[in-house]
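Peer 1: Structure: coords02.pdb, PDB, C-alpha atoms.
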```pdb
ATOM      1  CA  MET K 153       6.821  -0.466 -15.918  1.00  0.00           C
ATOM      2  CA  ALA K 154       7.459   2.600 -13.800  1.00  0.00           C
ATOM      3  CA  LEU K 155       5.656   3.261 -10.554  1.00  0.00           C
ATOM      4  CA  GLU K 156       2.616   5.502 -10.834  1.00  0.00           C
ATOM      5  CA  ILE K 157       0.277   6.728  -8.092  1.00  0.00           C
ATOM      6  CA  LYS K 158      -3.070   8.291  -8.969  1.00  0.00           C
ATOM      7  CA  GLU K 159      -5.143  10.018  -6.300  1.00  0.00           C
ATOM      8  CA  ASP K 160      -8.848  10.689  -6.549  1.00  0.00           C
ATOM      9  CA  LYS K 161     -10.884  11.790  -3.517  1.00  0.00           C
ATOM     10  CA  GLY K 162      -8.688  10.075  -0.955  1.00  0.00           C
ATOM     11  CA  ILE K 163      -8.211   6.854  -2.920  1.00  0.00           C
ATOM     12  CA  PHE K 164      -4.612   6.267  -3.943  1.00  0.00           C
ATOM     13  CA  GLU K 165      -4.245   3.805  -6.813  1.00  0.00           C
ATOM     14  CA  VAL K 166      -0.751   2.332  -7.090  1.00  0.00           C
ATOM     15  CA  ILE K 167       0.152   1.104 -10.569  1.00  0.00           C
ATOM     16  CA  GLY K 168       3.285  -0.755 -11.653  1.00  0.00           C
ATOM     17  CA  GLU K 169       6.197  -2.396  -9.898  1.00  0.00           C
ATOM     18  CA  LEU K 170       6.878  -1.955  -6.183  1.00  0.00           C
ATOM     19  CA  THR K 171      10.436  -2.909  -5.315  1.00  0.00           C
ATOM     20  CA  SER K 172      13.186  -1.840  -2.958  1.00  0.00           C
ATOM     21  CA  GLN K 173      14.437   0.447  -5.756  1.00  0.00           C
ATOM     22  CA  ASN K 174      11.402   2.728  -5.547  1.00  0.00           C
ATOM     23  CA  LEU K 175      10.580   2.146  -1.881  1.00  0.00           C
ATOM     24  CA  GLY K 176      12.084   5.473  -0.814  1.00  0.00           C
ATOM     25  CA  ALA K 177       9.817   7.448  -3.129  1.00  0.00           C
ATOM     26  CA  LEU K 178       6.808   5.388  -2.053  1.00  0.00           C
ATOM     27  CA  LYS K 179       7.587   5.997   1.618  1.00  0.00           C
ATOM     28  CA  VAL K 180       7.972   9.765   1.196  1.00  0.00           C
ATOM     29  CA  TYR K 181       4.778   9.976  -0.850  1.00  0.00           C
ATOM     30  CA  PHE K 182       2.508   8.167   1.595  1.00  0.00           C
ATOM     31  CA  GLU K 183       4.013   9.633   4.752  1.00  0.00           C
ATOM     32  CA  SER K 184       3.507  13.126   3.275  1.00  0.00           C
ATOM     33  CA  ALA K 185      -0.065  12.319   2.275  1.00  0.00           C
ATOM     34  CA  LEU K 186      -0.859  11.095   5.791  1.00  0.00           C
ATOM     35  CA  GLU K 187       0.263  14.401   7.267  1.00  0.00           C
ATOM     36  CA  VAL K 188      -2.695  16.141   5.629  1.00  0.00           C
ATOM     37  CA  THR K 189      -5.439  13.516   5.932  1.00  0.00           C
ATOM     38  CA  ASP K 190      -6.899  11.283   8.620  1.00  0.00           C
ATOM     39  CA  GLU K 191      -8.367   8.694   6.245  1.00  0.00           C
ATOM     40  CA  MET K 192      -6.788   6.998   3.266  1.00  0.00           C
ATOM     41  CA  VAL K 193      -7.477   4.109   0.913  1.00  0.00           C
ATOM     42  CA  ILE K 194      -4.565   2.556  -0.968  1.00  0.00           C
ATOM     43  CA  SER K 195      -5.394   0.279  -3.886  1.00  0.00           C
ATOM     44  CA  LEU K 196      -2.781  -2.309  -4.842  1.00  0.00           C
ATOM     45  CA  GLU K 197      -5.023  -3.963  -7.423  1.00  0.00           C
ATOM     46  CA  LYS K 198      -2.895  -2.769 -10.370  1.00  0.00           C
ATOM     47  CA  VAL K 199       0.503  -3.604  -8.880  1.00  0.00           C
ATOM     48  CA  THR K 200       2.370  -5.962 -11.210  1.00  0.00           C
ATOM     49  CA  VAL K 201       5.359  -6.811  -8.958  1.00  0.00           C
ATOM     50  CA  MET K 202       5.929  -6.443  -5.226  1.00  0.00           C
ATOM     51  CA  ASP K 203       8.944  -7.507  -3.222  1.00  0.00           C
ATOM     52  CA  SER K 204       9.124  -8.266   0.485  1.00  0.00           C
ATOM     53  CA  SER K 205      10.593  -4.881   1.458  1.00  0.00           C
ATOM     54  CA  VAL K 206       7.485  -3.134   0.126  1.00  0.00           C
ATOM     55  CA  ALA K 207       5.109  -5.582   1.825  1.00  0.00           C
ATOM     56  CA  LEU K 208       6.876  -4.910   5.124  1.00  0.00           C
ATOM     57  CA  PHE K 209       6.727  -1.148   4.477  1.00  0.00           C
ATOM     58  CA  PHE K 210       2.941  -1.302   4.038  1.00  0.00           C
ATOM     59  CA  GLU K 211       2.648  -3.287   7.276  1.00  0.00           C
ATOM     60  CA  LYS K 212       4.714  -0.670   9.122  1.00  0.00           C
ATOM     61  CA  LEU K 213       2.621   2.130   7.596  1.00  0.00           C
ATOM     62  CA  TYR K 214      -0.578   0.327   8.580  1.00  0.00           C
ATOM     63  CA  LYS K 215       0.550   0.041  12.202  1.00  0.00           C
ATOM     64  CA  GLN K 216       1.827   3.620  12.291  1.00  0.00           C
ATOM     65  CA  VAL K 217      -1.503   4.950  11.011  1.00  0.00           C
ATOM     66  CA  ALA K 218      -3.439   2.964  13.617  1.00  0.00           C
ATOM     67  CA  ALA K 219      -1.150   4.189  16.401  1.00  0.00           C
ATOM     68  CA  ASN K 220      -1.910   7.769  15.335  1.00  0.00           C
ATOM     69  CA  HIS K 221      -5.683   7.120  15.436  1.00  0.00           C
ATOM     70  CA  LYS K 222      -6.079   7.517  11.695  1.00  0.00           C
ATOM     71  CA  VAL K 223      -7.754   5.185   9.197  1.00  0.00           C
ATOM     72  CA  LEU K 224      -5.997   3.278   6.422  1.00  0.00           C
ATOM     73  CA  ALA K 225      -7.603   0.687   4.164  1.00  0.00           C
ATOM     74  CA  ILE K 226      -5.390  -1.238   1.769  1.00  0.00           C
ATOM     75  CA  VAL K 227      -7.205  -3.093  -1.000  1.00  0.00           C
ATOM     76  CA  GLY K 228      -5.757  -5.644  -3.358  1.00  0.00           C
ATOM     77  CA  ARG K 229      -6.514  -9.030  -1.856  1.00  0.00           C
ATOM     78  CA  GLN K 230      -7.686 -10.241  -5.294  1.00  0.00           C
ATOM     79  CA  ASN K 231      -4.382  -9.281  -6.984  1.00  0.00           C
ATOM     80  CA  LYS K 232      -2.567 -12.554  -7.674  1.00  0.00           C
ATOM     81  CA  GLU K 233       0.667 -10.657  -8.422  1.00  0.00           C
ATOM     82  CA  ILE K 234       1.101  -9.618  -4.779  1.00  0.00           C
ATOM     83  CA  SER K 235      -0.622 -12.425  -2.881  1.00  0.00           C
ATOM     84  CA  GLU K 236       2.418 -14.720  -2.652  1.00  0.00           C
ATOM     85  CA  VAL K 237       4.746 -12.082  -1.206  1.00  0.00           C
ATOM     86  CA  MET K 238       2.052 -10.873   1.200  1.00  0.00           C
ATOM     87  CA  ASN K 239       1.503 -14.446   2.413  1.00  0.00           C
ATOM     88  CA  THR K 240       5.229 -15.188   2.676  1.00  0.00           C
ATOM     89  CA  THR K 241       5.894 -12.034   4.732  1.00  0.00           C
ATOM     90  CA  LYS K 242       2.744 -12.644   6.807  1.00  0.00           C
ATOM     91  CA  THR K 243       1.476  -9.162   5.943  1.00  0.00           C
ATOM     92  CA  ASP K 244      -1.684 -10.213   4.112  1.00  0.00           C
ATOM     93  CA  TYR K 245      -3.772  -9.418   7.206  1.00  0.00           C
ATOM     94  CA  ILE K 246      -3.434  -5.689   6.410  1.00  0.00           C
ATOM     95  CA  LEU K 247      -5.393  -6.111   3.167  1.00  0.00           C
ATOM     96  CA  SER K 248      -9.024  -5.161   3.377  1.00  0.00           C
ATOM     97  CA  SER K 249     -11.471  -7.869   2.356  1.00  0.00           C
ATOM     98  CA  ASP K 250     -13.659  -5.340   0.522  1.00  0.00           C
ATOM     99  CA  ARG K 251     -13.002  -3.577  -2.745  1.00  0.00           C
ATOM    100  CA  VAL K 252     -13.610   0.118  -2.981  1.00  0.00           C
TER
END
```
Mind turning this structure into structure tokens?
Peer 2:
Amino acid sequence: MALEIKEDKGIFEVIGELTSQNLGALKVYFESALEVTDEMVISLEKVTVMDSSVALFFEKLYKQVAANHKVLAIVGRQNKEISEVMNTTKTDYILSSDRV
């Protein structure tokens, strides 16, 4: 399944597989979006595959946003497809405990 990102009122829903092969596009997309907004919600609830490079990217993005005094919430804690890689890379702390 190809990567798809849907945006609705500041909520970015990521759908599909997140791997090192599409990490570049993902990085450009979210870094561009953060240039024009101070608050963002990223939903990973419909991600079917995630590898460690993407988990580490989201951690880096999370820290970068905080350092720039912006707000980023990443939801998807209930997604079993990403929980193992997030735990293994110790990046699960960036996931919000609340659903949007």
Peer 1: Mind giving me the straight-line distance from CA of Ala218 (chain K) to CA of Val188 (chain K) in Å, one decimal?
Peer 2: 15.4 Å
Peer 1: Compile the contact shell of Leu208 (chain K) as a ChimeraX atom specification: residues with an atom at most 10 Å away, counting only C-alpha atoms, same-chain residues fewer than 4 positions apart removed.
Peer 2: /K:203-204,212-214,237-238,241-243
Peer 1: From (1.9, 0.4, -13.2), in the file's coordinates, out to 9 Å: which residues are reached, counting all atoms listed in the file? Answer as a PyMOL selection string.
Peer 2: chain K and resi 153-157+166-170+198-200
Peer 1: Name the residues in contact with Gln230 (chain K) at a cut-off of 9 Å, using only C-alpha atoms, excluding same-chain residues fewer than 4 positions from it; report them as JSON, numbers by chain.
Peer 2: {"K": [197, 234, 235, 249, 251]}
Peer 1: Give the answer as one residue: which of K:Asn239, K:Ser195, K:Ser172, K:Ser184 has the shortest atom-to-atom distance to Asp160 (chain K), using only C-alpha atoms?
Peer 2: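 For Asp160 (chain K), the nearest of the candidates is K:Ser195.
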Peer 1: Using Å and a single decimal, report how far CA of Thr240 (chain K) sits from CA of Gly162 (chain K).
Peer 2: 29.1 Å
Peer 1: Taking all atoms listed in the file into account, name the residue in K:Ala185, K:Lys158, K:Leu175, K:Met192 that is nearest to Val223 (chain K).
Peer 2: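 So, comparing all the options, the nearest one is K:Met192.
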